[in-house]
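Scroll down for the structure; my scribbles are underneath it.
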Amino acid sequence: MLRIYILAIGKLRHGPECELLKHYLSQFDKVGRVSGLGPSKLVEIVDKKSGGQEIEAGLLRNAIPSSSTLCVLDERGRAMTSPEFATWIGRLRDGGIANLAMLIGGAGGIDSKLRSEADLVLSLGPMVWPHILVRVMLAEQIFRAASILARKPYHRH
């Protein structure tokens with residue numbers, strides 16, 4: 001089973017975005033079981049001192065589970081179609097990878113040194129998105145990838 005961790009700087013407040021995030025991660029956990037994926041876990045990291053990218057990078061590093069493949073979200077990263085993303089996740093699973101850590105930085109983005117350590121730098125498009133929406137969009141794409149890998153029609157979930 002490939003466990004997926006979303007490690008994000010900042011705390012999500014209750015509201016519609018939080019509910020949508022929970023919905024997609026719950027759906028992923030259900031569909032993912034069929035195809036050897038999951039469970040998912042959201043780890044929110046609060047930088048109480050607002051120390052900037054370098055401090056946030058250290059906090060993120062400390063939260064990465066051991067033996068993880070590292071994916072960093074960054075608008076300068078590689079844009080993928082949903083099927084390409086699903087194929088990438090499937091390759092990790094099939095290669096015996098236990099953990100996938102997907103990192104979302106703070107308002108200033110991800111520290112360049114941490115970004116250079118990533119196995120994949122992934123872009124959700126060239127636009128900059130609010131971090132609250134990045135979490136939701138990433139969770140949706142993770143769920144969609146699980147649906148693709150399980151050969152389940154997405155629109156029926």
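Here, A, B, ... name the chains of the structure tokens in the order displayed, residue numbers run from 1 inside each chain, and ligands are numbered from 1 in the same displayed order.
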Any chance you could list, as a ChimeraX atom specification, the residues in chain A that come up strand (DSSP E or B) when DSSP is run on the backbone? /A:2-9,37-45,68-79,99-104,106,109,120-123
Using only C-alpha atoms, which protein or nucleic acid residues come within 10 Å of region 30-42 of chain A? Drop anything in the same chain fewer than 2 positions from it, and give the result as a PyMOL selection string. chain A and resi 1-8+21-22+24-28+44-45+89-90+93-94+98-102+135+139+142-152+157
Convert the current residue selection to file output with N, CA, C and O atoms, as a short mmCIF file (atom, residue, chain, number, x, y, z; two decimals), in the first residue's frame.
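The file below, selection-v3.cif, is the result:
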data_model
loop_
_atom_site.label_atom_id
_atom_site.label_comp_id
_atom_site.auth_asym_id
_atom_site.auth_seq_id
_atom_site.Cartn_x
_atom_site.Cartn_y
_atom_site.Cartn_z
N MET A 1 0.83 -1.19 0.00
CA MET A 1 0.00 0.00 0.00
C MET A 1 0.88 1.25 0.00
O MET A 1 1.81 1.34 0.78
N LEU A 2 0.56 2.17 -0.86
CA LEU A 2 1.24 3.46 -0.91
C LEU A 2 0.43 4.46 -0.10
O LEU A 2 -0.68 4.82 -0.47
N ARG A 3 0.98 4.88 1.04
CA ARG A 3 0.34 5.88 1.88
C ARG A 3 0.69 7.26 1.34
O ARG A 3 1.83 7.51 0.96
N ILE A 4 -0.28 8.14 1.34
CA ILE A 4 -0.07 9.50 0.81
C ILE A 4 -0.26 10.51 1.93
O ILE A 4 -1.30 10.53 2.59
N TYR A 5 0.77 11.32 2.12
CA TYR A 5 0.76 12.37 3.13
C TYR A 5 0.76 13.72 2.42
O TYR A 5 1.59 13.95 1.54
N ILE A 6 -0.14 14.59 2.82
CA ILE A 6 -0.11 15.98 2.38
C ILE A 6 0.42 16.77 3.56
O ILE A 6 -0.20 16.83 4.62
N LEU A 7 1.62 17.33 3.39
CA LEU A 7 2.26 18.12 4.44
C LEU A 7 2.16 19.59 4.02
O LEU A 7 2.68 19.96 2.97
N ALA A 8 1.47 20.39 4.82
CA ALA A 8 1.19 21.76 4.43
C ALA A 8 1.50 22.73 5.56
O ALA A 8 1.18 22.47 6.72
N LEU A 21 -12.05 19.31 1.38
CA LEU A 21 -10.79 18.58 1.54
C LEU A 21 -11.03 17.24 2.23
O LEU A 21 -10.58 16.19 1.76
N LYS A 22 -11.78 17.26 3.33
CA LYS A 22 -12.11 16.02 4.03
C LYS A 22 -12.87 15.05 3.13
O LYS A 22 -12.62 13.84 3.17
N TYR A 24 -12.77 14.77 -0.23
CA TYR A 24 -11.90 14.15 -1.23
C TYR A 24 -10.94 13.13 -0.61
O TYR A 24 -10.70 12.07 -1.19
N LEU A 25 -10.40 13.44 0.55
CA LEU A 25 -9.49 12.49 1.19
C LEU A 25 -10.24 11.24 1.65
O LEU A 25 -9.71 10.12 1.54
N SER A 26 -11.46 11.41 2.12
CA SER A 26 -12.28 10.25 2.50
C SER A 26 -12.60 9.38 1.29
O SER A 26 -12.51 8.15 1.35
N GLN A 27 -12.94 10.03 0.18
CA GLN A 27 -13.24 9.29 -1.05
C GLN A 27 -11.98 8.57 -1.55
O GLN A 27 -12.06 7.43 -2.01
N PHE A 28 -10.84 9.24 -1.46
CA PHE A 28 -9.58 8.60 -1.84
C PHE A 28 -9.35 7.35 -1.01
O PHE A 28 -8.99 6.30 -1.54
N GLU A 44 -0.76 19.29 9.06
CA GLU A 44 -0.67 20.75 9.01
C GLU A 44 0.44 21.20 9.97
O GLU A 44 0.48 20.78 11.11
N ILE A 45 1.31 22.05 9.46
CA ILE A 45 2.48 22.49 10.21
C ILE A 45 2.38 23.99 10.42
O ILE A 45 2.31 24.75 9.44
N ILE A 89 1.72 7.87 -9.82
CA ILE A 89 1.38 7.29 -8.52
C ILE A 89 1.36 5.77 -8.63
O ILE A 89 1.86 5.06 -7.74
N GLY A 90 0.81 5.24 -9.71
CA GLY A 90 0.78 3.80 -9.91
C GLY A 90 2.18 3.20 -9.98
O GLY A 90 2.43 2.11 -9.45
N ARG A 93 3.54 2.99 -6.44
CA ARG A 93 2.91 1.85 -5.77
C ARG A 93 3.50 0.53 -6.25
O ARG A 93 3.88 -0.32 -5.46
N ASP A 94 3.60 0.38 -7.57
CA ASP A 94 4.10 -0.86 -8.15
C ASP A 94 5.58 -1.08 -7.86
O ASP A 94 6.06 -2.21 -7.86
N ALA A 98 6.55 2.93 -0.04
CA ALA A 98 5.58 2.88 1.06
C ALA A 98 4.89 4.22 1.31
O ALA A 98 3.72 4.25 1.66
N ASN A 99 5.63 5.32 1.12
CA ASN A 99 5.10 6.63 1.48
C ASN A 99 5.37 7.66 0.38
O ASN A 99 6.48 7.73 -0.14
N LEU A 100 4.36 8.45 0.10
CA LEU A 100 4.49 9.59 -0.79
C LEU A 100 4.15 10.82 0.04
O LEU A 100 3.05 10.94 0.57
N ALA A 101 5.13 11.72 0.18
CA ALA A 101 4.92 12.98 0.91
C ALA A 101 4.79 14.10 -0.11
O ALA A 101 5.68 14.31 -0.92
N MET A 102 3.66 14.79 -0.06
CA MET A 102 3.37 15.88 -0.98
C MET A 102 3.39 17.17 -0.16
O MET A 102 2.59 17.34 0.76
N ARG A 135 -4.61 22.74 -1.38
CA ARG A 135 -4.90 21.51 -0.62
C ARG A 135 -6.10 20.78 -1.20
O ARG A 135 -6.07 19.57 -1.39
N ALA A 139 -6.00 17.23 -3.17
CA ALA A 139 -6.80 16.10 -2.66
C ALA A 139 -7.73 15.57 -3.74
O ALA A 139 -7.90 14.35 -3.89
N ILE A 142 -5.64 13.54 -6.18
CA ILE A 142 -5.26 12.26 -5.57
C ILE A 142 -6.43 11.29 -5.66
O ILE A 142 -6.27 10.12 -6.01
N PHE A 143 -7.62 11.77 -5.33
CA PHE A 143 -8.83 10.94 -5.45
C PHE A 143 -9.06 10.53 -6.90
O PHE A 143 -9.33 9.37 -7.20
N ARG A 144 -8.90 11.47 -7.81
CA ARG A 144 -9.08 11.17 -9.24
C ARG A 144 -8.07 10.12 -9.69
O ARG A 144 -8.41 9.20 -10.43
N ALA A 145 -6.82 10.23 -9.25
CA ALA A 145 -5.79 9.25 -9.61
C ALA A 145 -6.18 7.86 -9.12
O ALA A 145 -6.04 6.87 -9.84
N ALA A 146 -6.67 7.78 -7.88
CA ALA A 146 -7.11 6.49 -7.34
C ALA A 146 -8.25 5.92 -8.16
O ALA A 146 -8.30 4.71 -8.43
N SER A 147 -9.17 6.78 -8.58
CA SER A 147 -10.30 6.34 -9.41
C SER A 147 -9.82 5.82 -10.75
O SER A 147 -10.30 4.79 -11.23
N ILE A 148 -8.86 6.51 -11.34
CA ILE A 148 -8.30 6.08 -12.63
C ILE A 148 -7.61 4.73 -12.46
O ILE A 148 -7.81 3.81 -13.26
N LEU A 149 -6.79 4.59 -11.42
CA LEU A 149 -6.05 3.34 -11.20
C LEU A 149 -6.98 2.18 -10.86
O LEU A 149 -6.70 1.03 -11.19
N ALA A 150 -8.11 2.47 -10.21
CA ALA A 150 -9.08 1.43 -9.87
C ALA A 150 -10.05 1.17 -11.02
O ALA A 150 -10.92 0.32 -10.90
N ARG A 151 -9.89 1.92 -12.11
CA ARG A 151 -10.76 1.83 -13.28
C ARG A 151 -12.23 2.06 -12.90
O ARG A 151 -13.12 1.38 -13.40
N LYS A 152 -12.43 3.01 -12.02
CA LYS A 152 -13.78 3.39 -11.61
C LYS A 152 -14.11 4.72 -12.26
O LYS A 152 -13.30 5.64 -12.24
N HIS A 157 -18.79 8.90 -8.24
CA HIS A 157 -18.45 8.97 -6.82
C HIS A 157 -19.08 10.18 -6.19
O HIS A 157 -19.13 11.23 -6.69
#
Residues at most 12 Å from Ala57 (chain A), counting only C-alpha atoms, excluding those fewer than 4 positions away in the same chain, as a list in words?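 My list of contacting residues is Leu7, Ala8, Ile9, Ile45, Val46, Asp47, Ser50, Gly51, Gly52, Gln53, Arg61, Asn62, Ala63, Ile64, Val72, Leu103, Ile104, Gly105, Gly106, Gly108, Gly109, Ile110, Asp111, Ser112, Lys113, Leu114, Arg115, Ser116 and Glu117 of chain A.
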Let me see the file: selected residues, N, CA and C atoms, as an mmCIF file, in the first residue's frame.
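Dumped everything to selection.cif:
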data_model
loop_
_atom_site.group_PDB
_atom_site.id
_atom_site.type_symbol
_atom_site.label_atom_id
_atom_site.label_comp_id
_atom_site.auth_asym_id
_atom_site.auth_seq_id
_atom_site.Cartn_x
_atom_site.Cartn_y
_atom_site.Cartn_z
ATOM 1 N N LEU A 7 1.618 17.330 3.391
ATOM 2 C CA LEU A 7 2.259 18.125 4.436
ATOM 3 C C LEU A 7 2.159 19.585 4.019
ATOM 4 N N ALA A 8 1.469 20.386 4.822
ATOM 5 C CA ALA A 8 1.190 21.761 4.430
ATOM 6 C C ALA A 8 1.503 22.730 5.556
ATOM 7 N N ILE A 9 2.117 23.841 5.188
ATOM 8 C CA ILE A 9 2.358 24.914 6.140
ATOM 9 C C ILE A 9 1.032 25.639 6.372
ATOM 10 N N ILE A 45 1.310 22.051 9.460
ATOM 11 C CA ILE A 45 2.477 22.486 10.207
ATOM 12 C C ILE A 45 2.381 23.991 10.419
ATOM 13 N N VAL A 46 2.382 24.393 11.655
ATOM 14 C CA VAL A 46 2.250 25.808 11.981
ATOM 15 C C VAL A 46 3.619 26.368 12.324
ATOM 16 N N ASP A 47 4.019 27.396 11.570
ATOM 17 C CA ASP A 47 5.266 28.112 11.848
ATOM 18 C C ASP A 47 4.908 29.273 12.766
ATOM 19 N N SER A 50 6.810 32.550 12.220
ATOM 20 C CA SER A 50 6.844 33.117 10.867
ATOM 21 C C SER A 50 8.287 33.319 10.410
ATOM 22 N N GLY A 51 9.030 32.234 10.433
ATOM 23 C CA GLY A 51 10.460 32.292 10.157
ATOM 24 C C GLY A 51 10.847 32.316 8.693
ATOM 25 N N GLY A 52 9.897 32.205 7.793
ATOM 26 C CA GLY A 52 10.212 32.246 6.375
ATOM 27 C C GLY A 52 10.471 30.870 5.792
ATOM 28 N N GLN A 53 10.848 30.851 4.527
ATOM 29 C CA GLN A 53 11.009 29.608 3.765
ATOM 30 C C GLN A 53 11.990 28.622 4.393
ATOM 31 N N ARG A 61 10.617 19.163 6.556
ATOM 32 C CA ARG A 61 11.550 18.016 6.566
ATOM 33 C C ARG A 61 11.313 17.118 7.783
ATOM 34 N N ASN A 62 11.111 17.748 8.929
ATOM 35 C CA ASN A 62 10.896 16.979 10.162
ATOM 36 C C ASN A 62 9.601 16.178 10.122
ATOM 37 N N ALA A 63 8.645 16.579 9.298
ATOM 38 C CA ALA A 63 7.344 15.905 9.238
ATOM 39 C C ALA A 63 7.280 14.825 8.156
ATOM 40 N N ILE A 64 8.294 14.756 7.307
ATOM 41 C CA ILE A 64 8.285 13.775 6.216
ATOM 42 C C ILE A 64 8.505 12.383 6.791
ATOM 43 N N VAL A 72 6.932 18.052 -4.349
ATOM 44 C CA VAL A 72 6.757 19.428 -3.906
ATOM 45 C C VAL A 72 5.830 20.130 -4.895
ATOM 46 N N LEU A 103 4.322 18.082 -0.498
ATOM 47 C CA LEU A 103 4.574 19.267 0.315
ATOM 48 C C LEU A 103 3.982 20.523 -0.301
ATOM 49 N N ILE A 104 3.291 21.283 0.540
ATOM 50 C CA ILE A 104 2.732 22.583 0.160
ATOM 51 C C ILE A 104 3.355 23.609 1.096
ATOM 52 N N GLY A 105 4.061 24.558 0.530
ATOM 53 C CA GLY A 105 4.754 25.559 1.332
ATOM 54 C C GLY A 105 3.832 26.646 1.843
ATOM 55 N N GLY A 106 4.424 27.597 2.508
ATOM 56 C CA GLY A 106 3.686 28.741 3.025
ATOM 57 C C GLY A 106 3.499 29.809 1.960
ATOM 58 N N GLY A 108 5.245 32.199 0.994
ATOM 59 C CA GLY A 108 6.416 32.483 0.171
ATOM 60 C C GLY A 108 6.843 31.324 -0.707
ATOM 61 N N GLY A 109 6.113 30.212 -0.640
ATOM 62 C CA GLY A 109 6.465 29.044 -1.444
ATOM 63 C C GLY A 109 7.427 28.127 -0.701
ATOM 64 N N ILE A 110 8.017 27.220 -1.449
ATOM 65 C CA ILE A 110 8.939 26.217 -0.893
ATOM 66 C C ILE A 110 10.380 26.695 -1.060
ATOM 67 N N ASP A 111 11.168 26.500 -0.044
ATOM 68 C CA ASP A 111 12.593 26.808 -0.071
ATOM 69 C C ASP A 111 13.254 26.099 -1.260
ATOM 70 N N SER A 112 14.115 26.792 -1.986
ATOM 71 C CA SER A 112 14.724 26.231 -3.200
ATOM 72 C C SER A 112 15.546 24.968 -2.919
ATOM 73 N N LYS A 113 16.207 24.905 -1.775
ATOM 74 C CA LYS A 113 16.991 23.713 -1.438
ATOM 75 C C LYS A 113 16.076 22.497 -1.246
ATOM 76 N N LEU A 114 14.967 22.683 -0.550
ATOM 77 C CA LEU A 114 14.014 21.593 -0.362
ATOM 78 C C LEU A 114 13.386 21.199 -1.700
ATOM 79 N N ARG A 115 13.079 22.182 -2.509
ATOM 80 C CA ARG A 115 12.505 21.907 -3.839
ATOM 81 C C ARG A 115 13.473 21.064 -4.668
ATOM 82 N N SER A 116 14.775 21.331 -4.559
ATOM 83 C CA SER A 116 15.768 20.583 -5.333
ATOM 84 C C SER A 116 15.905 19.134 -4.863
ATOM 85 N N GLU A 117 15.465 18.837 -3.660
ATOM 86 C CA GLU A 117 15.523 17.476 -3.121
ATOM 87 C C GLU A 117 14.339 16.616 -3.561
#
Nearest residue to His131 (chain A) from the set A:Arg76, A:Lys11, A:Lys48, A:Arg91 (distances using only C-alpha atoms): A:Lys11
Have a look at A:Trp88, A:Val136, A:Trp129, A:Val43 and name the one nearest to Cys18 (chain A); count only C-alpha atoms.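 Comparing A:Trp88, A:Val136, A:Trp129, A:Val43 against Cys18 (chain A), the winner is A:Val136.
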Nearest to Ser82 (chain A) by atom-to-atom distance, counting only C-alpha atoms, from A:Leu59, A:Leu70, A:Ile132, A:Met137: A:Met137
Identify all residues of chain A in helix (DSSP H, G or I) (DSSP on the backbone) and supply them as a ChimeraX atom specification. /A:16-34,53-63,82-94,112-116,131-149,154-156
One decimal, in Å: what's the spacing between CA of Ala118 (chain A) and CA of Cys71 (chain A)?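 Rounded to one decimal, the two atoms are 5.5 Å apart.
Across the structure, CA of Leu60 (chain A) and CA of Pro126 (chain A) are spaced 23.2 Å apart.
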What's the separation between CA of Pro130 (chain A) and CA of Leu92 (chain A), in Å to one decimal place?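 Between CA of Pro130 (chain A) and CA of Leu92 (chain A) the gap is 28.0 Å.
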